[in-house]
Amino acid sequence: MTARIGVVTFPGSLDDRDTQRAIRVAGAEPVALWHKDKDLKQVDAVVLCGGFSYGDYLRAGAIARFSPVMDTVIDQAKAGLPVLGICNGFQILTEAHLLPGGMLGNDHLHFICRDQKLRVENTDTAWTTDYSAGQEIHIPLKNMDGRYVADQRTLDELEAEGRVAFRYLDVNPNGSLNDIAGITNAAGNVVGLMPHPEHAVEPLIGTGRTDGLPFFTSILKKLVNA
Amino acid sequence: MSRTPLDTVEHAAATPDVELPWAELGLKKDEYERVVEILGRRPTGAELAMYSVMWSEHCSYKSSKVHLRQFGEKAPENDALLVGIGENAGVVDVGQGYAVTFKVESHNHPSYVEPYQGAATGVGGIVRDIIAMGARPVAVVDPLRFGAADHPDTKRVLPGVVAGIGGYGNCLGLPNIGGEVVFDACYQGNPLVNAGAIGVMRHEDIHLAKASGAGNKVILYGARTGGDGIGGASILASETFDDAKPSKRPAVQVGDPFQEKLLIECTLEAFKEKLVVGIQDLGAAGLSCATSELASNGSGGMRVTLDDVPLRDSTLSPEEILMSESQERMCAVVEPDKVDRFLEICDKWDVIATVIGEVTDGDRLEIFWHGGKIVDVDPRTVAHEGPTYERPYARPSWQDELQADDANKLPRPGTSDELKDQVLKLVGSPNQASKQWITQQYDHFVQGNTVLAQPEDSGMIRIDEASGLGVAIATDGNGRYAKLDPYTGAQLALAEAYRNVATTGAKPLAVSDCLNFGSPEDPAVMWQFAEAVRGLADGCQQLGTPVTGGNVSLYNQTGEAAIHPTPVVAVLGVIDDVARRTPVAFQEDGQLLYLLGDTREEFGGSAWSQVVHDHLGGLPPKVDLERERLLAEILISASRDGMIDSAHDLSDGGLIQAVVESALLGEKGARLVVPDGLDAFTFLFSESAGRAIVAVPRSEEVRFNDMCGARGLPATRVGVVDGDTVELQGEFALPLAELREAHEGTIPALLA
């Protein structure tokens with residue numbers, strides 16, 4: 001048996017097909033989910049992919065958070081459904097308060113697309129068990145509003161509980177506090193990050209690295225062994 | 001025009017003496033008289049609006065048409081061409097049942113007026129052309145030209161253009177995989193913002209812009225129609241900028257990429273369900289263009305009720321609605337029993353869709369407003385039978401003097417230190433410097449099929465996951481070469497784009513072009529244009545790569561000063577398996593560097609002559625298209641058979657520029673030796689065409705040499721990949737760190 005992983009398409013989602021491909025490459029079954037549909041089609045996990053949902057109007061992720069599909073995602077995430085938010089998906093997760101903090105415009109005020117070096121800081125989440133602790137990886141990053149911010153108490157809490165899952169190395173590409181690239185909730189089922197692991201799953205494509213594949217193999221193993 | 005009474009066809013017939021503002025709308029007197037002759041009466045205001053905008057230079061190609069015919073007349077036999085010139089974009093067969101459509105267009109004038117929106121809507125327009133053919137857009141490229149890099153206005157225009165291209169393209173989810181950025185004072189008041197796009201479809205999904213089948217419905221869908229860009233096409237493209245005239249700012253359209261993304265998805269879904277008979281995007285000339293082109297390409301006529309067009313501004317007059325260039329709109333022709341399903345799909349994507357008319361069995365385009373008929377024309381006279389000019393042209397008086405000012409006679413570096421200093425100066429000059437600061441503002445990765453993106457020689461996209469089938473695209477143009485000799489300059493642009501595609505391992509198939517020139521009313525400019533078109537048509541015929549479509553942008557001049565003639569050529573290629581692609585970066589120490597082709601003393605128009613001497617004169621490098629074809633075949637074979645691990649085309653900046661780029665990208669140095677028969681200076685800086693440098697693994701050296709020898713392509717061993725310097729034996733060694741600082745520091749220092 002394999003795992004069924006849902007990928008939500010909002011109007012303006014861009015990496016939905018890419019994410020479905022990454023899930024397939026990892027050996028799981030991608031299931032397309034539609035923003036107007038509350039039904040999650042009994043998937044075992046959900047990915048909120050990158051893009052500009054609703055044009056990023058108002059604030060990145062702010063409108064998508066109120067989509068019908070998100071009602072169900074929020075409820076089930078609280079009950080333990082594994083959810084990964086990539087880029088715009090991360091922004092939606094913070095807007096939905098499934099993850100703390102929020103994202104501001106990059107400190108240099110430009111869109112940035114680069115092959116970003118990261119350190120994996122937490123290998124206990126549903127999405128990171130196939131990495132080794134402290135592993136350094138390269139994952140493409142591309143965003144306009146990627147500057148992670150939170151109040152000091154939240155930052156202290158994230159750091160103390162080991163909930164900073166990924167940290168930028170060498171270059172902080174957007175001014176994120178504590179070089180935070182991605183975080184997890186306390187339970188470890190909800191993870192969000194700005195870089196795009198779905199763009200690093202095939203050796204020929206993009207930067208030619210496959211450092212993003214363990215996201216999808218991690219969740220597959222967890223679900224199949226569950 | 002007074003709104004009362006409504007200027008209907010009957011009213012126009014009854015009031016022949018009413019004066020219409022044809023001159024203000026950009027028509028010449030004889031053009032207006034021709035309209036009156038066609039109609040047998042004076043036009044209504046709405047008809048005048050349509051004729052004026054459709055007969056503008058931008059829409060009618062009235063000055064260029066007589067020359068562009070050569071692309072058809074000289075088109076080489078090519079089985080790959082599925083749809084040729086005249087449709088929204090050409091379509092090429094790339095095998096395995098796939099077809100690829102691609103095109104390059106200009107958005108020069110709007111981008112100078114309002115850099116962000118001008119550039120953004122340029123991307124939007126070219127992408128709609130691609131969708132209108134039935135294809136899913138898969139990539140964009142952006143050839144850009146700006147004024148001097150250190151001119152204060154460049155810092156206004158460039159960041160805005162780049163942000164606009166990124167802001168729109170990134171939001172559409174289209175990887176930006178190629179293009180160019182060139183600086184030259186000649187573009188100061190006329191930046192060139194060209195935008196290209198590629199789309200992929202199955203053969204059976206090709207759609208055309210025609211309205212057929214009486215009773216079929218005409219559906220306008222996408223954004224509401226507003227007052228933006230009214231008259232943009234005719235005003236902006238028909239005259240040069242003139243400080244004395246009022247600001248043209250309001251004429252530039254504003255884009256909404258989110259709306260366009262929805263338009264893409266909803267159009268593709270409608271195609272998939274075979275709901276669409278004909279389709280046209282709304283770009284320049286808006287509804288005037290879409291309705292007249294759909295109707296004139298179809299078998300019947302068309303009746304449109306303008307009252308049904310959803311408006312953003314309810315005060316718009318019918319003339320303004322017809323001329324509006326509001327973005328993100330398309331027009332589809334749908335059979336009556338499929339209209340409901342079409343509207344349902346639009347609703348799913350929250351796209352506004354409205355039936356505004358239907359195809360009739362007559363041959364007239366009739367448009368109604370408030371119950372009155374305000375347009376009654378033969379659509380062919382609007383869309384296809386505009387004026388054609390045989391503009392006078394003459395070789396400029398200064399051409400001989402320019403060519404006599406031989407760059408080969410410029411003082412050359414006398415010592416090793418001078419040679420080294422000039423290398424550093426060259427690779428750090430704005431035109432030769434890394435454009436990473438610009439390209440990192442574009443998403444290269446989205447869609448997950450990008451195999452190569454800038455700064456590679458060509459962008460490459462995988463189109464079939466199972467087989468690895470892919471397409472490559474390169475765009476090139478060199479206004480300096482074209483200024484010295486437009487015929488040769490156009491062929492050099494073609495040769496370079498062709499070579500760039502082959503360097504990455506893909507087989508060149510077809511060509512699109514964007515021809516950027518000054519005023520056609522200047523015989524010297526018209527001569528440049530005529531020569532460039534002749535050169536390009538002859539070149540395409542010789543290389544077997546047909547021109548599938550493109551765009552002409554004229555009036556790129558400020559006062560009397562025209563830009564350099566700048567034909568930009570895009571070449572599309574196909575590769576059976578993207579796993580065989582050849583990158584620019586050096587891969588492994590110890591690999592042998594081979595220079596392919598002949599190196600001559602050719603410095604006319606060269607980067608060296610510009611950077612070191614601020615000089616433009618002499619003749620551009622010679623073109624040998626048979627040699628280009630042979631070089632391409634060798635590069636493709638070597639890639640297919642795994643004989644080379646990296647390759648880089650030699651063009652502006654010569655061999656040293658190419659070696660430095662390969663070294664910096666691969667983070668591996670090189671030791672070079674000047675081959676017999678050449679001096680160090682010519683070896684490093686010559687811009688002879690038909691050359692590339694390749695890295696050959698030692699195990700493949702014999703096989704590679706044998707292949708080149710047997711095919712008659714000169715291949716000279718000139719060095720080895722090694723260490724962390726770029727060294728020219730006996731002359732200098734430059735550390736990669738120092739080269740990187742020079743090469744990558746320039747653009748951020750100027751623009752960030």
# chains A, B, ... in the order shown; residues from 1 in each chain; ligands from 1
call {"tool": "closest_atom_pairs", "arguments": {"of": "chain B", "to": "chain A", "cutoff": "10 Å", "atoms": "only C-alpha atoms", "output": "JSON lines"}}
result
{"residue": "B:Pro159", "atom": "CA", "partner": "A:His110", "partner_atom": "CA", "distance": 9.6}
{"residue": "B:Val162", "atom": "CA", "partner": "A:His110", "partner_atom": "CA", "distance": 9.8}
{"residue": "B:Ala163", "atom": "CA", "partner": "A:His110", "partner_atom": "CA", "distance": 7.5}
{"residue": "B:Gly166", "atom": "CA", "partner": "A:Phe111", "partner_atom": "CA", "distance": 7.4}
{"residue": "B:Gly167", "atom": "CA", "partner": "A:Phe111", "partner_atom": "CA", "distance": 7.9}
{"residue": "B:Asn170", "atom": "CA", "partner": "A:Gly51", "partner_atom": "CA", "distance": 8.5}
{"residue": "B:Cys171", "atom": "CA", "partner": "A:Phe52", "partner_atom": "CA", "distance": 6.1}
{"residue": "B:Leu172", "atom": "CA", "partner": "A:Leu14", "partner_atom": "CA", "distance": 7.2}
{"residue": "B:Gly173", "atom": "CA", "partner": "A:Leu14", "partner_atom": "CA", "distance": 5.1}
{"residue": "B:Leu174", "atom": "CA", "partner": "A:Leu14", "partner_atom": "CA", "distance": 8.6}
{"residue": "B:Asp256", "atom": "CA", "partner": "A:Gly55", "partner_atom": "CA", "distance": 8.5}
{"residue": "B:Pro257", "atom": "CA", "partner": "A:Gly55", "partner_atom": "CA", "distance": 7.5}
{"residue": "B:Phe258", "atom": "CA", "partner": "A:Gly55", "partner_atom": "CA", "distance": 4.8}
{"residue": "B:Gln259", "atom": "CA", "partner": "A:Gly55", "partner_atom": "CA", "distance": 8.1}
{"residue": "B:Glu260", "atom": "CA", "partner": "A:Gly12", "partner_atom": "CA", "distance": 9.4}
{"residue": "B:Lys261", "atom": "CA", "partner": "A:Gly12", "partner_atom": "CA", "distance": 6.4}
{"residue": "B:Leu262", "atom": "CA", "partner": "A:Pro11", "partner_atom": "CA", "distance": 6.7}
{"residue": "B:Glu265", "atom": "CA", "partner": "A:Pro11", "partner_atom": "CA", "distance": 9.3}
{"residue": "B:Lys348", "atom": "CA", "partner": "A:Lys36", "partner_atom": "CA", "distance": 9.1}
{"residue": "B:Trp349", "atom": "CA", "partner": "A:Pro11", "partner_atom": "CA", "distance": 7.1}
{"residue": "B:Asp350", "atom": "CA", "partner": "A:Pro11", "partner_atom": "CA", "distance": 8.6}
{"residue": "B:Gln436", "atom": "CA", "partner": "A:Arg114", "partner_atom": "CA", "distance": 9.7}
{"residue": "B:Trp437", "atom": "CA", "partner": "A:Ile112", "partner_atom": "CA", "distance": 9.1}
{"residue": "B:Ile438", "atom": "CA", "partner": "A:Ile112", "partner_atom": "CA", "distance": 9.5}
{"residue": "B:Thr439", "atom": "CA", "partner": "A:Cys113", "partner_atom": "CA", "distance": 8.1}
{"residue": "B:Gln440", "atom": "CA", "partner": "A:Cys113", "partner_atom": "CA", "distance": 4.8}
{"residue": "B:Gln441", "atom": "CA", "partner": "A:Phe111", "partner_atom": "CA", "distance": 4.9}
{"residue": "B:Tyr442", "atom": "CA", "partner": "A:Cys113", "partner_atom": "CA", "distance": 6.3}
{"residue": "B:Asp443", "atom": "CA", "partner": "A:Cys113", "partner_atom": "CA", "distance": 5.6}
{"residue": "B:His444", "atom": "CA", "partner": "A:Cys113", "partner_atom": "CA", "distance": 7.3}
{"residue": "B:Phe445", "atom": "CA", "partner": "A:Gly206", "partner_atom": "CA", "distance": 5.6}
{"residue": "B:Val446", "atom": "CA", "partner": "A:Asp15", "partner_atom": "CA", "distance": 6.3}
{"residue": "B:Gln447", "atom": "CA", "partner": "A:Asp18", "partner_atom": "CA", "distance": 5.6}
{"residue": "B:Gly448", "atom": "CA", "partner": "A:Asp18", "partner_atom": "CA", "distance": 5.4}
{"residue": "B:Asn449", "atom": "CA", "partner": "A:Ile205", "partner_atom": "CA", "distance": 5.9}
{"residue": "B:Thr450", "atom": "CA", "partner": "A:Gly206", "partner_atom": "CA", "distance": 5.3}
{"residue": "B:Val451", "atom": "CA", "partner": "A:Ile205", "partner_atom": "CA", "distance": 4.8}
{"residue": "B:Leu452", "atom": "CA", "partner": "A:Gly206", "partner_atom": "CA", "distance": 7.4}
{"residue": "B:Ala453", "atom": "CA", "partner": "A:Gly206", "partner_atom": "CA", "distance": 8.5}
{"residue": "B:Met460", "atom": "CA", "partner": "A:Ile205", "partner_atom": "CA", "distance": 9.9}
{"residue": "B:Ile461", "atom": "CA", "partner": "A:Ile205", "partner_atom": "CA", "distance": 8.9}
{"residue": "B:Arg462", "atom": "CA", "partner": "A:Ile205", "partner_atom": "CA", "distance": 8.4}
{"residue": "B:Glu465", "atom": "CA", "partner": "A:Arg21", "partner_atom": "CA", "distance": 9.9}
{"residue": "B:Gly468", "atom": "CA", "partner": "A:Leu204", "partner_atom": "CA", "distance": 9.9}
{"residue": "B:Val578", "atom": "CA", "partner": "A:Leu204", "partner_atom": "CA", "distance": 7.8}
{"residue": "B:Ala579", "atom": "CA", "partner": "A:Leu204", "partner_atom": "CA", "distance": 6.6}
{"residue": "B:Arg580", "atom": "CA", "partner": "A:Leu204", "partner_atom": "CA", "distance": 9.7}
{"residue": "B:Arg581", "atom": "CA", "partner": "A:Leu204", "partner_atom": "CA", "distance": 9.3}
{"residue": "B:Ala752", "atom": "CA", "partner": "A:His108", "partner_atom": "CA", "distance": 9.1}
call {"tool": "write_last_selection", "arguments": {"atoms": "C-alpha atoms", "output": "JSON list (two decimals), in the first residue's frame"}}
result
[["chain", "number", "residue", "atom", "x", "y", "z"],
["B", 159, "PRO", "CA", 14.87, 48.06, -11.98],
["B", 162, "VAL", "CA", 13.01, 43.80, -14.21],
["B", 163, "ALA", "CA", 10.55, 44.03, -11.33],
["B", 166, "GLY", "CA", 9.37, 39.25, -12.44],
["B", 167, "GLY", "CA", 6.22, 40.54, -10.82],
["B", 170, "ASN", "CA", 6.63, 34.87, -11.40],
["B", 171, "CYS", "CA", 3.00, 35.25, -10.47],
["B", 172, "LEU", "CA", 1.91, 33.35, -13.59],
["B", 173, "GLY", "CA", 4.12, 30.42, -12.68],
["B", 174, "LEU", "CA", 6.28, 30.61, -15.79],
["B", 256, "ASP", "CA", -3.06, 41.87, -13.14],
["B", 257, "PRO", "CA", -1.08, 38.63, -13.34],
["B", 258, "PHE", "CA", -3.44, 36.85, -10.96],
["B", 259, "GLN", "CA", -6.29, 37.40, -13.41],
["B", 260, "GLU", "CA", -4.07, 36.14, -16.24],
["B", 261, "LYS", "CA", -3.17, 32.98, -14.31],
["B", 262, "LEU", "CA", -6.89, 32.24, -13.94],
["B", 265, "GLU", "CA", -6.13, 27.68, -16.40],
["B", 348, "LYS", "CA", -15.16, 27.64, -11.58],
["B", 349, "TRP", "CA", -12.08, 29.83, -12.00],
["B", 350, "ASP", "CA", -13.96, 33.00, -10.98],
["B", 436, "GLN", "CA", 22.68, 37.44, -11.78],
["B", 437, "TRP", "CA", 21.35, 40.44, -9.86],
["B", 438, "ILE", "CA", 18.69, 40.70, -12.57],
["B", 439, "THR", "CA", 17.96, 37.06, -13.28],
["B", 440, "GLN", "CA", 17.66, 36.11, -9.62],
["B", 441, "GLN", "CA", 14.54, 38.27, -9.56],
["B", 442, "TYR", "CA", 12.92, 35.76, -11.92],
["B", 443, "ASP", "CA", 11.63, 32.32, -10.94],
["B", 444, "HIS", "CA", 13.59, 29.71, -12.93],
["B", 445, "PHE", "CA", 12.24, 26.63, -11.23],
["B", 446, "VAL", "CA", 8.46, 26.74, -11.31],
["B", 447, "GLN", "CA", 6.70, 23.93, -13.22],
["B", 448, "GLY", "CA", 9.59, 21.64, -12.31],
["B", 449, "ASN", "CA", 10.84, 21.11, -15.85],
["B", 450, "THR", "CA", 13.70, 23.58, -16.11],
["B", 451, "VAL", "CA", 16.83, 21.81, -17.30],
["B", 452, "LEU", "CA", 18.86, 24.90, -18.17],
["B", 453, "ALA", "CA", 18.28, 28.58, -17.47],
["B", 460, "MET", "CA", 15.96, 24.25, -21.85],
["B", 461, "ILE", "CA", 12.65, 22.80, -20.73],
["B", 462, "ARG", "CA", 11.69, 19.15, -20.45],
["B", 465, "GLU", "CA", 8.84, 13.24, -18.27],
["B", 468, "GLY", "CA", 13.03, 13.21, -21.62],
["B", 578, "VAL", "CA", 17.41, 16.36, -21.80],
["B", 579, "ALA", "CA", 19.78, 14.07, -19.90],
["B", 580, "ARG", "CA", 22.17, 14.74, -22.80],
["B", 581, "ARG", "CA", 22.20, 18.53, -22.39],
["B", 752, "ALA", "CA", 21.28, 47.72, -6.31]]
call {"tool": "select_by_dssp", "arguments": {"residues": "range 120-209 of chain B", "states": "strand (DSSP E)", "output": "ChimeraX atom specification"}}
result
/B:136-146,176-183,192-202
call {"tool": "select_by_dssp", "arguments": {"residues": "range 14-223 of chain A", "states": "helix (DSSP H, G or I)", "output": "PyMOL selection string"}}
result
chain A and resi 16-26+53-56+64-66+68-78+88-95+152-160+177-179+197-199+213-223
call {"tool": "residues_around", "arguments": {"residues": "Gly192 in chain A", "least_positions_apart": "4", "cutoff": "10 Å", "atoms": "only C-alpha atoms", "output": "PyMOL selection string"}}
result
chain A and resi 47-48+83-94+98-99+127+164-166+181-185
call {"tool": "write_last_selection", "arguments": {"atoms": "N, CA and C atoms", "output": "short mmCIF file (atom, residue, chain, number, x, y, z; two decimals), in the first residue's frame"}}
result
data_model
loop_
_atom_site.label_atom_id
_atom_site.label_comp_id
_atom_site.auth_asym_id
_atom_site.auth_seq_id
_atom_site.Cartn_x
_atom_site.Cartn_y
_atom_site.Cartn_z
N VAL A 47 -0.34 18.82 1.36
CA VAL A 47 0.68 19.83 1.09
C VAL A 47 -0.01 21.10 0.57
N LEU A 48 0.31 22.22 1.20
CA LEU A 48 -0.11 23.52 0.67
C LEU A 48 1.08 24.05 -0.10
N VAL A 83 0.67 18.10 7.72
CA VAL A 83 0.49 19.18 6.74
C VAL A 83 1.84 19.83 6.51
N LEU A 84 2.19 19.99 5.24
CA LEU A 84 3.41 20.70 4.87
C LEU A 84 3.02 21.95 4.09
N GLY A 85 3.55 23.09 4.52
CA GLY A 85 3.30 24.33 3.78
C GLY A 85 4.60 24.83 3.18
N ILE A 86 4.60 24.95 1.86
CA ILE A 86 5.82 25.39 1.16
C ILE A 86 5.59 26.81 0.65
N CYS A 87 6.45 27.75 1.06
CA CYS A 87 6.41 29.12 0.56
C CYS A 87 5.04 29.74 0.81
N ASN A 88 4.22 29.91 -0.23
CA ASN A 88 2.88 30.47 0.00
C ASN A 88 2.10 29.58 0.97
N GLY A 89 2.35 28.28 0.94
CA GLY A 89 1.71 27.37 1.88
C GLY A 89 2.12 27.66 3.32
N PHE A 90 3.38 28.00 3.51
CA PHE A 90 3.88 28.39 4.84
C PHE A 90 3.17 29.67 5.28
N GLN A 91 3.06 30.61 4.34
CA GLN A 91 2.37 31.87 4.66
C GLN A 91 0.91 31.60 5.06
N ILE A 92 0.27 30.67 4.36
CA ILE A 92 -1.12 30.34 4.68
C ILE A 92 -1.20 29.70 6.08
N LEU A 93 -0.22 28.83 6.40
CA LEU A 93 -0.23 28.17 7.71
C LEU A 93 -0.07 29.18 8.85
N THR A 94 0.74 30.21 8.62
CA THR A 94 0.86 31.22 9.69
C THR A 94 -0.41 32.06 9.77
N LEU A 98 -1.83 27.92 12.38
CA LEU A 98 -1.35 26.56 12.64
C LEU A 98 0.14 26.61 12.98
N LEU A 99 0.80 27.66 12.54
CA LEU A 99 2.20 27.91 12.90
C LEU A 99 2.30 29.36 13.38
N TRP A 127 7.82 15.30 8.46
CA TRP A 127 8.31 15.57 7.11
C TRP A 127 9.84 15.56 7.03
N VAL A 164 12.57 25.23 15.42
CA VAL A 164 13.11 25.77 14.17
C VAL A 164 13.60 24.55 13.39
N ALA A 165 12.92 24.25 12.31
CA ALA A 165 13.22 23.01 11.59
C ALA A 165 14.34 23.20 10.56
N PHE A 166 14.41 24.40 9.97
CA PHE A 166 15.42 24.68 8.94
C PHE A 166 15.96 26.09 9.15
N ALA A 181 14.31 29.43 8.27
CA ALA A 181 13.78 29.10 6.94
C ALA A 181 12.51 28.29 7.05
N GLY A 182 12.35 27.57 8.18
CA GLY A 182 11.15 26.76 8.35
C GLY A 182 10.98 26.37 9.80
N ILE A 183 9.71 26.13 10.18
CA ILE A 183 9.41 25.79 11.57
C ILE A 183 8.39 24.64 11.61
N THR A 184 8.23 24.09 12.80
CA THR A 184 7.23 23.04 12.99
C THR A 184 6.33 23.41 14.17
N ASN A 185 5.15 22.81 14.21
CA ASN A 185 4.33 23.01 15.40
C ASN A 185 4.85 22.07 16.50
#
call {"tool": "closest_residue", "arguments": {"among": "A:Leu40, A:Leu177, A:Ala79, A:Met70", "to": "Thr154 in chain A", "atoms": "only C-alpha atoms"}}
result
A:Leu177
call {"tool": "closest_residue", "arguments": {"among": "B:Leu275, B:Phe183, B:Leu672, B:Val726", "to": "Asn478 in chain B", "atoms": "only C-alpha atoms"}}
result
B:Phe183
call {"tool": "residues_around", "arguments": {"residues": "Gly162 in chain A", "least_positions_apart": "3", "cutoff": "12 Å", "atoms": "only C-alpha atoms", "output": "list in words"}}
result
Val120, Glu121, Asn122, Thr123, Asp124, Thr125, Ala133, Leu155, Asp156, Glu157, Leu158, Glu159, Ala165, Phe166, Arg167, Ile180, Gly182, Ile183, Thr184, Asn185, Ala186, Ala187 and Gly188 of chain A
call {"tool": "residues_around", "arguments": {"residues": "Phe71 in chain B", "least_positions_apart": "6", "cutoff": "9 Å", "atoms": "only C-alpha atoms", "output": "NGL selection string"}}
result
:B and (85 or 533-534 or 536-538 or 540-541 or 546-549)
call {"tool": "write_last_selection", "arguments": {"atoms": "C-alpha atoms", "output": "PDB file, in the first residue's frame"}}
result
ATOM      1  CA  ILE B  85       3.437  33.417 -40.061  1.00  0.00           C
ATOM      2  CA  VAL B 533      15.252  41.495 -43.093  1.00  0.00           C
ATOM      3  CA  ARG B 534      17.021  40.407 -46.276  1.00  0.00           C
ATOM      4  CA  LEU B 536      17.730  37.227 -41.831  1.00  0.00           C
ATOM      5  CA  ALA B 537      15.542  35.737 -44.574  1.00  0.00           C
ATOM      6  CA  ASP B 538      18.602  34.612 -46.555  1.00  0.00           C
ATOM      7  CA  CYS B 540      17.095  31.279 -42.377  1.00  0.00           C
ATOM      8  CA  GLN B 541      16.818  29.859 -45.869  1.00  0.00           C
ATOM      9  CA  PRO B 546      11.929  29.040 -41.075  1.00  0.00           C
ATOM     10  CA  VAL B 547      10.736  32.257 -39.469  1.00  0.00           C
ATOM     11  CA  THR B 548       7.457  31.305 -37.808  1.00  0.00           C
ATOM     12  CA  GLY B 549       6.368  34.749 -36.707  1.00  0.00           C
TER      13      GLY B 549
END
